[in-house]
2 protein chains.
Amino acid sequence: MIADQGVRATAVEPLARRMGITKGSFYWHFANRESLLDQALRRWEEHDSRNLNMAMGAINEPRERLISLFRRVGRERLTHRVFSALCAAADHPQVEPVLERVAQRRMHHIAQAFSELGFSPEQSAHRARLTYTAYLGFLQLQRQHQAPHLDSRTFEAYIEHVIATLVPA
Amino acid sequence: MIADQGVRATAVEPLARRMGITKGSFYWHFANRESLLDQALRRWEEHDSRNLNMAMGAINEPRERLISLFRRVGRERLTHRVFSALCAAADHPQVEPVLERVAQRRMHHIAQAFSELGFSPEQSAHRARLTYTAYLGFLQLQRQHQAPHLDSRTFEAYIEHVIATLVPA
DNA sequence: ACCATTCCATACGCCACAGTATGGAAAAGT
DNA sequence: ACTTTTCCATACTGTGGCGTATGGAATGGT
């Protein structure tokens with residue numbers, strides 16, 4: 001489940017080499033490569049779904065809920081790297097529907113928070129979409145940097161700017 | 001140069017098949033696969049750079065310049081699809097530096113426009129980054145949809161919302 | 001003790017693609 | 001007319017990954 005360096009890490013033979021085992025062993029546990037990816041993705045999607053519900057259910061005040069979401073981008077690096085790796089494989093037929101469902105769920109929750117702030121359904125949908133695309137775009141931008149890209153001070157400032165811009169006072 | 005269905009379309013043999021030719025012919029024109037991709041990327045980057053300068057130089061008023069940029073997302077579909085395909089291959093060692101340079105150039109121009117609107121260098125950089133990530137995220141979101149996703153009316157409304165949010169009145 | 005099931009290794013066939021070697025036809029130079 | 005250069009095809013090697021076949025050791029049930 002540590003496929004943070006790309007979905008192609010689920011290639012059977014390299015993966016088998018990396019662990020101490022061989023292909024023969026692998027094909028006893030899984031029907032094929034597709035099956036492994038399928039199970040991994042299913043587990044990840046469930047985990048992500050639970051995470052989302054917990055994060056959104058923990059805070060009642062919608063404004064604070066949104067802000068905590070933005071702040072979360074800086075923390076839990078591994079989580080975001082895994083997700084980013086999946087985004088990089090959006091063209092993969094098995095990955096694409098997962099990303100699609102996850103995006104729908106996340107945007108729905110974000111839109112819900114905006115709704116509670118008094119925005120119309122259309123306004124909320126637009127704001128949720130813009131918020132989520134800003135997140136996706138940020139990850140995309142990170143993928144293009146091999147270097148660590150932003151020092152933490154600039155990063156913090158940027159996050160604050162995003163909050164100020166996207167979350168109405 | 002119509003590699004809009006993925007960078008992996010530059011695989012030698014399939015590409016040769018798709019045209020009427022064979023590998024033997026290909027390897028006379030190019031040293032190897034890497035060379036082809038390199039030339040294609042170089043051409044694209046130059047073309048993109050020119051395009052950017054033209055688009056930004058055509059309009060004096062910085063606010064109108066930014067707005068026209070947003071509106072451009074709906075038009076010139078092919079251009080965006082090509083760029084989106086490149087973004088999907090951001091992990092590719094030859095593509096990554098190109099995307100990085102292009103991102104720097106584009107964000108620099110956007111930041112320039114915000115500067116002209118009276119924002120500080122830091123503010124302009126943040127706004128440019130957010131603007132560009134919104135664009136990247138939008139493309140990412142498109143990649144996750146096989147379906148055409150947004151009807152044009154909703155799309156127009158969304159673009160207007162983004163303009164209203166990111167470009168100060 | 002015997003047998004079946006579990007888990008893993010070795011070995012094989014298959015395919016897709018990268019890159020090379022070689023030859024041959026057409027065009028161009030002299 | 002002869003040779004060279006240009007452009008392309010056929011055929012080969014090599015590599016890497018997917019999936020299968022088969023056997024063997026350990027474990028557990030009876």
# chains A, B, ... in the order shown; residues from 1 in each chain; ligands from 1

$ interface_residues --of "chain A" --to "chain C" --cutoff "10 Å" --atoms "only C-alpha atoms (C1' of nucleotides)" --output "VMD selection string"
chain A and resid 21 to 26 28 to 29

$ calpha_fit_and_write --fixed "chain B" --moving "chain A" --output "compact mmCIF listing (two decimals) with N, CA and C atoms, in the first residue's frame"
# COMPACT_ATOMS: atom_id res chain seq x y z
N MET A 1 2.88 15.92 -34.53
CA MET A 1 2.64 16.94 -33.49
C MET A 1 1.22 16.84 -32.96
N ILE A 2 0.54 15.78 -33.34
CA ILE A 2 -0.86 15.62 -32.92
C ILE A 2 -0.92 14.63 -31.78
N ALA A 3 0.03 14.77 -30.87
CA ALA A 3 0.10 13.79 -29.78
C ALA A 3 -0.87 14.16 -28.69
N ASP A 4 -2.11 14.37 -29.05
CA ASP A 4 -3.06 14.79 -28.03
C ASP A 4 -3.56 13.62 -27.20
N GLN A 5 -3.37 12.40 -27.71
CA GLN A 5 -3.79 11.28 -26.87
C GLN A 5 -2.64 10.68 -26.10
N GLY A 6 -1.84 11.56 -25.49
CA GLY A 6 -0.82 11.06 -24.58
C GLY A 6 0.58 11.12 -25.16
N VAL A 7 1.51 11.32 -24.26
CA VAL A 7 2.91 11.38 -24.67
C VAL A 7 3.40 10.01 -25.10
N ARG A 8 2.77 8.98 -24.55
CA ARG A 8 3.17 7.63 -24.93
C ARG A 8 2.83 7.35 -26.39
N ALA A 9 2.15 8.31 -27.05
CA ALA A 9 1.89 8.17 -28.48
C ALA A 9 3.18 8.28 -29.28
N THR A 10 4.25 8.67 -28.63
CA THR A 10 5.52 8.79 -29.33
C THR A 10 6.30 7.48 -29.29
N ALA A 11 5.63 6.40 -28.94
CA ALA A 11 6.27 5.09 -29.06
C ALA A 11 6.55 4.85 -30.53
N VAL A 12 7.69 4.34 -30.81
CA VAL A 12 8.17 4.30 -32.18
C VAL A 12 7.31 3.40 -33.06
N GLU A 13 7.14 2.18 -32.66
CA GLU A 13 6.49 1.23 -33.54
C GLU A 13 5.01 1.53 -33.79
N PRO A 14 4.23 1.77 -32.76
CA PRO A 14 2.83 2.12 -33.01
C PRO A 14 2.70 3.35 -33.88
N LEU A 15 3.55 4.33 -33.60
CA LEU A 15 3.52 5.56 -34.38
C LEU A 15 3.84 5.28 -35.84
N ALA A 16 4.81 4.43 -36.06
CA ALA A 16 5.18 4.08 -37.43
C ALA A 16 4.02 3.36 -38.13
N ARG A 17 3.37 2.47 -37.38
CA ARG A 17 2.24 1.77 -37.96
C ARG A 17 1.14 2.74 -38.35
N ARG A 18 0.89 3.71 -37.43
CA ARG A 18 -0.20 4.64 -37.66
C ARG A 18 0.02 5.47 -38.91
N MET A 19 1.26 5.85 -39.14
CA MET A 19 1.58 6.45 -40.43
C MET A 19 1.85 5.25 -41.33
N GLY A 20 2.09 5.44 -42.56
CA GLY A 20 2.24 4.26 -43.40
C GLY A 20 3.62 3.62 -43.35
N ILE A 21 4.47 4.05 -42.43
CA ILE A 21 5.87 3.69 -42.53
C ILE A 21 6.30 2.61 -41.55
N THR A 22 7.56 2.34 -41.51
CA THR A 22 8.09 1.32 -40.61
C THR A 22 9.17 1.93 -39.72
N LYS A 23 9.63 1.13 -38.80
CA LYS A 23 10.67 1.60 -37.89
C LYS A 23 11.93 2.02 -38.62
N GLY A 24 12.32 1.21 -39.58
CA GLY A 24 13.54 1.48 -40.33
C GLY A 24 13.58 2.91 -40.82
N SER A 25 12.45 3.33 -41.33
CA SER A 25 12.34 4.70 -41.81
C SER A 25 12.48 5.70 -40.67
N PHE A 26 11.79 5.40 -39.58
CA PHE A 26 11.83 6.31 -38.45
C PHE A 26 13.26 6.55 -37.97
N TYR A 27 13.99 5.48 -37.83
CA TYR A 27 15.33 5.61 -37.25
C TYR A 27 16.32 6.23 -38.22
N TRP A 28 15.88 6.51 -39.43
CA TRP A 28 16.74 7.30 -40.31
C TRP A 28 16.55 8.78 -39.99
N HIS A 29 15.33 9.16 -39.68
CA HIS A 29 15.04 10.57 -39.40
C HIS A 29 15.45 10.97 -37.99
N PHE A 30 15.27 10.07 -37.04
CA PHE A 30 15.60 10.40 -35.65
C PHE A 30 16.60 9.40 -35.09
N ALA A 31 17.42 9.91 -34.21
CA ALA A 31 18.41 9.03 -33.59
C ALA A 31 17.71 7.97 -32.75
N ASN A 32 16.71 8.38 -32.01
CA ASN A 32 15.97 7.45 -31.17
C ASN A 32 14.66 8.09 -30.74
N ARG A 33 13.97 7.37 -29.92
CA ARG A 33 12.68 7.86 -29.46
C ARG A 33 12.81 9.15 -28.67
N GLU A 34 13.83 9.20 -27.85
CA GLU A 34 14.07 10.38 -27.02
C GLU A 34 14.23 11.63 -27.87
N SER A 35 14.93 11.46 -28.96
CA SER A 35 15.20 12.59 -29.85
C SER A 35 13.91 13.17 -30.43
N LEU A 36 13.02 12.29 -30.83
CA LEU A 36 11.73 12.75 -31.36
C LEU A 36 10.97 13.56 -30.32
N LEU A 37 10.84 12.99 -29.13
CA LEU A 37 10.13 13.68 -28.06
C LEU A 37 10.79 15.02 -27.77
N ASP A 38 12.11 15.01 -27.76
CA ASP A 38 12.84 16.24 -27.47
C ASP A 38 12.50 17.34 -28.47
N GLN A 39 12.56 17.00 -29.75
CA GLN A 39 12.25 17.99 -30.78
C GLN A 39 10.81 18.47 -30.68
N ALA A 40 9.90 17.52 -30.46
CA ALA A 40 8.49 17.88 -30.36
C ALA A 40 8.26 18.83 -29.19
N LEU A 41 8.87 18.49 -28.06
CA LEU A 41 8.70 19.33 -26.88
C LEU A 41 9.31 20.71 -27.09
N ARG A 42 10.47 20.74 -27.73
CA ARG A 42 11.13 22.03 -27.98
C ARG A 42 10.24 22.92 -28.85
N ARG A 43 9.72 22.32 -29.92
CA ARG A 43 8.82 23.07 -30.80
C ARG A 43 7.61 23.57 -30.03
N TRP A 44 7.03 22.68 -29.23
CA TRP A 44 5.83 23.06 -28.50
C TRP A 44 6.11 24.19 -27.53
N GLU A 45 7.22 24.09 -26.83
CA GLU A 45 7.55 25.11 -25.83
C GLU A 45 7.74 26.47 -26.50
N GLU A 46 8.42 26.49 -27.63
CA GLU A 46 8.60 27.76 -28.34
C GLU A 46 7.26 28.33 -28.79
N HIS A 47 6.46 27.46 -29.36
CA HIS A 47 5.14 27.89 -29.81
C HIS A 47 4.32 28.45 -28.65
N ASP A 48 4.37 27.78 -27.53
CA ASP A 48 3.63 28.21 -26.35
C ASP A 48 4.14 29.55 -25.84
N SER A 49 5.46 29.68 -25.88
CA SER A 49 6.07 30.92 -25.41
C SER A 49 5.63 32.11 -26.28
N ARG A 50 5.68 31.90 -27.58
CA ARG A 50 5.23 32.96 -28.50
C ARG A 50 3.77 33.29 -28.24
N ASN A 51 2.96 32.26 -28.16
CA ASN A 51 1.53 32.44 -27.88
C ASN A 51 1.29 33.29 -26.64
N LEU A 52 2.03 32.96 -25.60
CA LEU A 52 1.87 33.68 -24.34
C LEU A 52 2.20 35.15 -24.51
N ASN A 53 3.32 35.42 -25.16
CA ASN A 53 3.72 36.81 -25.34
C ASN A 53 2.71 37.58 -26.18
N MET A 54 2.20 36.92 -27.21
CA MET A 54 1.19 37.59 -28.03
C MET A 54 -0.06 37.87 -27.23
N ALA A 55 -0.52 36.88 -26.48
CA ALA A 55 -1.76 37.04 -25.73
C ALA A 55 -1.62 38.13 -24.69
N MET A 56 -0.47 38.20 -24.07
CA MET A 56 -0.28 39.18 -23.01
C MET A 56 0.07 40.56 -23.56
N GLY A 57 0.66 40.58 -24.72
CA GLY A 57 1.05 41.87 -25.28
C GLY A 57 -0.09 42.57 -25.98
N ALA A 58 -1.12 41.81 -26.32
CA ALA A 58 -2.19 42.37 -27.14
C ALA A 58 -3.07 43.35 -26.37
N ILE A 59 -3.20 43.10 -25.07
CA ILE A 59 -4.13 43.91 -24.27
C ILE A 59 -3.36 44.72 -23.23
N ASN A 60 -3.60 46.00 -23.24
CA ASN A 60 -2.87 46.87 -22.33
C ASN A 60 -3.45 46.86 -20.92
N GLU A 61 -4.76 46.93 -20.85
CA GLU A 61 -5.42 47.01 -19.55
C GLU A 61 -5.25 45.66 -18.83
N PRO A 62 -4.55 45.65 -17.69
CA PRO A 62 -4.21 44.38 -17.03
C PRO A 62 -5.44 43.56 -16.63
N ARG A 63 -6.48 44.23 -16.18
CA ARG A 63 -7.69 43.52 -15.78
C ARG A 63 -8.31 42.77 -16.95
N GLU A 64 -8.42 43.48 -18.07
CA GLU A 64 -8.97 42.86 -19.28
C GLU A 64 -8.07 41.73 -19.77
N ARG A 65 -6.77 41.94 -19.58
CA ARG A 65 -5.81 40.93 -20.01
C ARG A 65 -6.03 39.63 -19.25
N LEU A 66 -6.23 39.74 -17.96
CA LEU A 66 -6.48 38.56 -17.14
C LEU A 66 -7.79 37.88 -17.52
N ILE A 67 -8.80 38.70 -17.69
CA ILE A 67 -10.12 38.15 -18.00
C ILE A 67 -10.09 37.40 -19.33
N SER A 68 -9.40 37.97 -20.30
CA SER A 68 -9.34 37.30 -21.61
C SER A 68 -8.62 35.96 -21.48
N LEU A 69 -7.68 35.91 -20.53
CA LEU A 69 -6.97 34.66 -20.27
C LEU A 69 -7.94 33.58 -19.79
N PHE A 70 -8.79 33.95 -18.85
CA PHE A 70 -9.77 33.00 -18.33
C PHE A 70 -10.73 32.54 -19.42
N ARG A 71 -11.20 33.50 -20.21
CA ARG A 71 -12.16 33.17 -21.25
C ARG A 71 -11.54 32.23 -22.28
N ARG A 72 -10.24 32.35 -22.43
CA ARG A 72 -9.54 31.54 -23.41
C ARG A 72 -9.63 30.04 -23.10
N VAL A 73 -9.86 29.71 -21.84
CA VAL A 73 -9.90 28.30 -21.44
C VAL A 73 -10.99 27.55 -22.19
N GLY A 74 -12.10 28.23 -22.46
CA GLY A 74 -13.20 27.59 -23.15
C GLY A 74 -12.90 27.37 -24.64
N ARG A 75 -12.13 28.26 -25.20
CA ARG A 75 -11.82 28.17 -26.64
C ARG A 75 -10.52 27.41 -26.85
N GLU A 76 -10.18 27.25 -28.12
CA GLU A 76 -8.92 26.59 -28.49
C GLU A 76 -8.76 25.28 -27.73
N ARG A 77 -9.79 24.44 -27.87
CA ARG A 77 -9.80 23.18 -27.15
C ARG A 77 -8.54 22.34 -27.38
N LEU A 78 -8.15 22.26 -28.64
CA LEU A 78 -7.01 21.40 -28.98
C LEU A 78 -5.77 21.80 -28.19
N THR A 79 -5.52 23.10 -28.13
CA THR A 79 -4.36 23.60 -27.39
C THR A 79 -4.37 23.10 -25.95
N HIS A 80 -5.52 23.22 -25.32
CA HIS A 80 -5.61 22.81 -23.93
C HIS A 80 -5.50 21.31 -23.78
N ARG A 81 -6.01 20.59 -24.76
CA ARG A 81 -5.91 19.13 -24.68
C ARG A 81 -4.47 18.67 -24.80
N VAL A 82 -3.73 19.33 -25.67
CA VAL A 82 -2.31 18.99 -25.81
C VAL A 82 -1.59 19.27 -24.49
N PHE A 83 -1.84 20.46 -23.95
CA PHE A 83 -1.20 20.81 -22.69
C PHE A 83 -1.60 19.85 -21.58
N SER A 84 -2.86 19.50 -21.56
CA SER A 84 -3.35 18.58 -20.55
C SER A 84 -2.65 17.23 -20.66
N ALA A 85 -2.43 16.79 -21.89
CA ALA A 85 -1.73 15.52 -22.09
C ALA A 85 -0.31 15.61 -21.54
N LEU A 86 0.31 16.75 -21.71
CA LEU A 86 1.66 16.93 -21.17
C LEU A 86 1.62 16.93 -19.64
N CYS A 87 0.63 17.58 -19.08
CA CYS A 87 0.50 17.58 -17.63
C CYS A 87 0.34 16.17 -17.09
N ALA A 88 -0.39 15.36 -17.85
CA ALA A 88 -0.60 13.97 -17.42
C ALA A 88 0.70 13.19 -17.42
N ALA A 89 1.70 13.71 -18.12
CA ALA A 89 2.99 13.03 -18.19
C ALA A 89 4.05 13.81 -17.43
N ALA A 90 3.62 14.50 -16.39
CA ALA A 90 4.54 15.35 -15.63
C ALA A 90 5.67 14.54 -14.99
N ASP A 91 5.44 13.26 -14.81
CA ASP A 91 6.48 12.44 -14.19
C ASP A 91 7.56 12.05 -15.20
N HIS A 92 7.30 12.26 -16.46
CA HIS A 92 8.29 11.91 -17.49
C HIS A 92 9.49 12.86 -17.39
N PRO A 93 10.71 12.31 -17.34
CA PRO A 93 11.90 13.14 -17.15
C PRO A 93 12.13 14.18 -18.25
N GLN A 94 11.67 13.91 -19.45
CA GLN A 94 11.85 14.91 -20.50
C GLN A 94 10.76 15.97 -20.47
N VAL A 95 9.60 15.59 -20.03
CA VAL A 95 8.46 16.52 -20.02
C VAL A 95 8.52 17.46 -18.83
N GLU A 96 8.93 16.92 -17.71
CA GLU A 96 8.88 17.68 -16.45
C GLU A 96 9.55 19.05 -16.53
N PRO A 97 10.81 19.14 -17.00
CA PRO A 97 11.44 20.46 -17.06
C PRO A 97 10.73 21.43 -17.98
N VAL A 98 10.15 20.92 -19.06
CA VAL A 98 9.39 21.79 -19.97
C VAL A 98 8.20 22.39 -19.25
N LEU A 99 7.45 21.55 -18.57
CA LEU A 99 6.29 22.03 -17.83
C LEU A 99 6.70 23.04 -16.77
N GLU A 100 7.82 22.77 -16.16
CA GLU A 100 8.31 23.66 -15.11
C GLU A 100 8.60 25.05 -15.67
N ARG A 101 9.33 25.08 -16.77
CA ARG A 101 9.66 26.38 -17.40
C ARG A 101 8.39 27.10 -17.85
N VAL A 102 7.51 26.37 -18.48
CA VAL A 102 6.27 26.97 -18.98
C VAL A 102 5.46 27.55 -17.82
N ALA A 103 5.39 26.79 -16.73
CA ALA A 103 4.65 27.26 -15.57
C ALA A 103 5.25 28.56 -15.04
N GLN A 104 6.57 28.58 -14.95
CA GLN A 104 7.25 29.79 -14.47
C GLN A 104 6.91 30.99 -15.35
N ARG A 105 7.03 30.79 -16.65
CA ARG A 105 6.74 31.89 -17.58
C ARG A 105 5.31 32.38 -17.44
N ARG A 106 4.40 31.43 -17.44
CA ARG A 106 2.98 31.82 -17.38
C ARG A 106 2.65 32.54 -16.09
N MET A 107 3.12 31.96 -14.98
CA MET A 107 2.82 32.57 -13.70
C MET A 107 3.47 33.94 -13.59
N HIS A 108 4.63 34.07 -14.20
CA HIS A 108 5.29 35.37 -14.18
C HIS A 108 4.44 36.42 -14.89
N HIS A 109 3.91 36.03 -16.04
CA HIS A 109 3.07 36.97 -16.79
C HIS A 109 1.81 37.33 -16.02
N ILE A 110 1.22 36.34 -15.41
CA ILE A 110 0.00 36.60 -14.64
C ILE A 110 0.31 37.51 -13.46
N ALA A 111 1.41 37.20 -12.79
CA ALA A 111 1.82 38.04 -11.66
C ALA A 111 2.08 39.47 -12.11
N GLN A 112 2.64 39.59 -13.30
CA GLN A 112 2.90 40.92 -13.86
C GLN A 112 1.60 41.72 -13.98
N ALA A 113 0.58 41.05 -14.48
CA ALA A 113 -0.72 41.72 -14.63
C ALA A 113 -1.26 42.16 -13.27
N PHE A 114 -1.14 41.30 -12.29
CA PHE A 114 -1.62 41.67 -10.95
C PHE A 114 -0.80 42.82 -10.38
N SER A 115 0.50 42.79 -10.67
CA SER A 115 1.36 43.88 -10.24
C SER A 115 0.86 45.21 -10.79
N GLU A 116 0.54 45.19 -12.06
CA GLU A 116 0.06 46.42 -12.70
C GLU A 116 -1.25 46.89 -12.09
N LEU A 117 -1.96 45.95 -11.48
CA LEU A 117 -3.21 46.34 -10.81
C LEU A 117 -2.95 46.92 -9.43
N GLY A 118 -1.67 46.96 -9.04
CA GLY A 118 -1.32 47.61 -7.79
C GLY A 118 -1.02 46.68 -6.63
N PHE A 119 -0.94 45.40 -6.90
CA PHE A 119 -0.63 44.47 -5.81
C PHE A 119 0.87 44.39 -5.56
N SER A 120 1.21 44.07 -4.36
CA SER A 120 2.61 43.91 -4.00
C SER A 120 3.16 42.67 -4.71
N PRO A 121 4.48 42.58 -4.83
CA PRO A 121 5.08 41.39 -5.46
C PRO A 121 4.62 40.09 -4.81
N GLU A 122 4.56 40.06 -3.49
CA GLU A 122 4.12 38.84 -2.82
C GLU A 122 2.66 38.53 -3.14
N GLN A 123 1.83 39.54 -3.01
CA GLN A 123 0.41 39.36 -3.33
C GLN A 123 0.24 38.89 -4.77
N SER A 124 0.97 39.51 -5.67
CA SER A 124 0.86 39.15 -7.09
C SER A 124 1.28 37.71 -7.32
N ALA A 125 2.36 37.32 -6.67
CA ALA A 125 2.85 35.94 -6.82
C ALA A 125 1.80 34.96 -6.32
N HIS A 126 1.22 35.26 -5.18
CA HIS A 126 0.20 34.38 -4.62
C HIS A 126 -1.01 34.29 -5.54
N ARG A 127 -1.45 35.42 -6.01
CA ARG A 127 -2.62 35.43 -6.89
C ARG A 127 -2.33 34.70 -8.19
N ALA A 128 -1.12 34.88 -8.70
CA ALA A 128 -0.75 34.19 -9.94
C ALA A 128 -0.73 32.69 -9.71
N ARG A 129 -0.17 32.30 -8.59
CA ARG A 129 -0.10 30.87 -8.28
C ARG A 129 -1.51 30.28 -8.15
N LEU A 130 -2.35 30.97 -7.45
CA LEU A 130 -3.72 30.47 -7.28
C LEU A 130 -4.44 30.40 -8.62
N THR A 131 -4.25 31.41 -9.44
CA THR A 131 -4.87 31.42 -10.76
C THR A 131 -4.41 30.24 -11.59
N TYR A 132 -3.11 30.04 -11.59
CA TYR A 132 -2.56 28.98 -12.43
C TYR A 132 -2.95 27.60 -11.91
N THR A 133 -2.95 27.44 -10.60
CA THR A 133 -3.36 26.14 -10.06
C THR A 133 -4.83 25.86 -10.35
N ALA A 134 -5.64 26.92 -10.38
CA ALA A 134 -7.05 26.71 -10.72
C ALA A 134 -7.16 26.19 -12.15
N TYR A 135 -6.30 26.70 -13.01
CA TYR A 135 -6.28 26.22 -14.40
C TYR A 135 -5.81 24.78 -14.46
N LEU A 136 -4.71 24.50 -13.82
CA LEU A 136 -4.17 23.13 -13.81
C LEU A 136 -5.17 22.15 -13.21
N GLY A 137 -5.79 22.55 -12.13
CA GLY A 137 -6.76 21.68 -11.49
C GLY A 137 -7.97 21.44 -12.36
N PHE A 138 -8.36 22.45 -13.09
CA PHE A 138 -9.49 22.29 -14.00
C PHE A 138 -9.17 21.25 -15.06
N LEU A 139 -7.97 21.31 -15.60
CA LEU A 139 -7.55 20.32 -16.60
C LEU A 139 -7.49 18.93 -15.98
N GLN A 140 -6.97 18.86 -14.77
CA GLN A 140 -6.91 17.57 -14.07
C GLN A 140 -8.31 16.99 -13.91
N LEU A 141 -9.22 17.83 -13.53
CA LEU A 141 -10.60 17.39 -13.35
C LEU A 141 -11.19 16.90 -14.67
N GLN A 142 -10.83 17.56 -15.73
CA GLN A 142 -11.30 17.14 -17.06
C GLN A 142 -10.76 15.77 -17.43
N ARG A 143 -9.50 15.54 -17.06
CA ARG A 143 -8.88 14.26 -17.38
C ARG A 143 -9.59 13.10 -16.69
N GLN A 144 -10.19 13.38 -15.55
CA GLN A 144 -10.86 12.34 -14.80
C GLN A 144 -12.25 12.06 -15.35
N HIS A 145 -12.73 12.94 -16.18
CA HIS A 145 -14.01 12.69 -16.83
C HIS A 145 -13.77 12.12 -18.21
N GLN A 146 -14.35 10.97 -18.48
CA GLN A 146 -14.36 10.56 -19.87
C GLN A 146 -15.50 11.27 -20.59
N ALA A 147 -16.55 11.52 -19.83
CA ALA A 147 -17.72 12.21 -20.40
C ALA A 147 -17.41 13.70 -20.60
N PRO A 148 -18.17 14.36 -21.43
CA PRO A 148 -17.95 15.80 -21.68
C PRO A 148 -18.16 16.68 -20.47
N HIS A 149 -18.65 16.11 -19.37
CA HIS A 149 -18.65 16.69 -18.03
C HIS A 149 -19.52 17.93 -17.78
N LEU A 150 -19.23 19.06 -18.41
CA LEU A 150 -19.99 20.26 -18.07
C LEU A 150 -20.71 20.77 -19.31
N ASP A 151 -21.99 21.01 -19.20
CA ASP A 151 -22.67 21.65 -20.32
C ASP A 151 -22.20 23.09 -20.39
N SER A 152 -22.31 23.65 -21.58
CA SER A 152 -21.64 24.94 -21.82
C SER A 152 -22.22 26.06 -20.97
N ARG A 153 -23.50 25.94 -20.62
CA ARG A 153 -24.10 27.00 -19.81
C ARG A 153 -23.47 27.01 -18.41
N THR A 154 -23.38 25.84 -17.80
CA THR A 154 -22.76 25.74 -16.48
C THR A 154 -21.30 26.16 -16.54
N PHE A 155 -20.66 25.76 -17.62
CA PHE A 155 -19.25 26.10 -17.78
C PHE A 155 -19.05 27.61 -17.82
N GLU A 156 -19.86 28.27 -18.63
CA GLU A 156 -19.77 29.73 -18.72
C GLU A 156 -19.96 30.37 -17.35
N ALA A 157 -20.96 29.87 -16.65
CA ALA A 157 -21.25 30.43 -15.33
C ALA A 157 -20.07 30.22 -14.39
N TYR A 158 -19.47 29.05 -14.51
CA TYR A 158 -18.33 28.77 -13.64
C TYR A 158 -17.16 29.71 -13.95
N ILE A 159 -16.88 29.88 -15.22
CA ILE A 159 -15.80 30.78 -15.62
C ILE A 159 -16.04 32.19 -15.06
N GLU A 160 -17.29 32.64 -15.17
CA GLU A 160 -17.60 33.96 -14.65
C GLU A 160 -17.36 34.02 -13.13
N HIS A 161 -17.72 32.93 -12.48
CA HIS A 161 -17.50 32.87 -11.03
C HIS A 161 -16.01 32.95 -10.70
N VAL A 162 -15.22 32.24 -11.46
CA VAL A 162 -13.77 32.24 -11.22
C VAL A 162 -13.21 33.64 -11.44
N ILE A 163 -13.66 34.27 -12.50
CA ILE A 163 -13.19 35.63 -12.77
C ILE A 163 -13.55 36.55 -11.61
N ALA A 164 -14.80 36.44 -11.18
CA ALA A 164 -15.27 37.31 -10.10
C ALA A 164 -14.46 37.06 -8.82
N THR A 165 -14.08 35.82 -8.61
CA THR A 165 -13.37 35.49 -7.37
C THR A 165 -11.90 35.86 -7.42
N LEU A 166 -11.28 35.61 -8.55
CA LEU A 166 -9.82 35.77 -8.62
C LEU A 166 -9.36 37.13 -9.13
N VAL A 167 -10.19 37.77 -9.93
CA VAL A 167 -9.81 39.10 -10.43
C VAL A 167 -10.57 40.14 -9.64
N PRO A 168 -9.85 40.97 -8.90
CA PRO A 168 -10.53 41.95 -8.05
C PRO A 168 -11.26 43.00 -8.89
N ALA A 169 -12.39 43.41 -8.40
CA ALA A 169 -13.15 44.42 -9.14
C ALA A 169 -12.41 45.75 -9.05
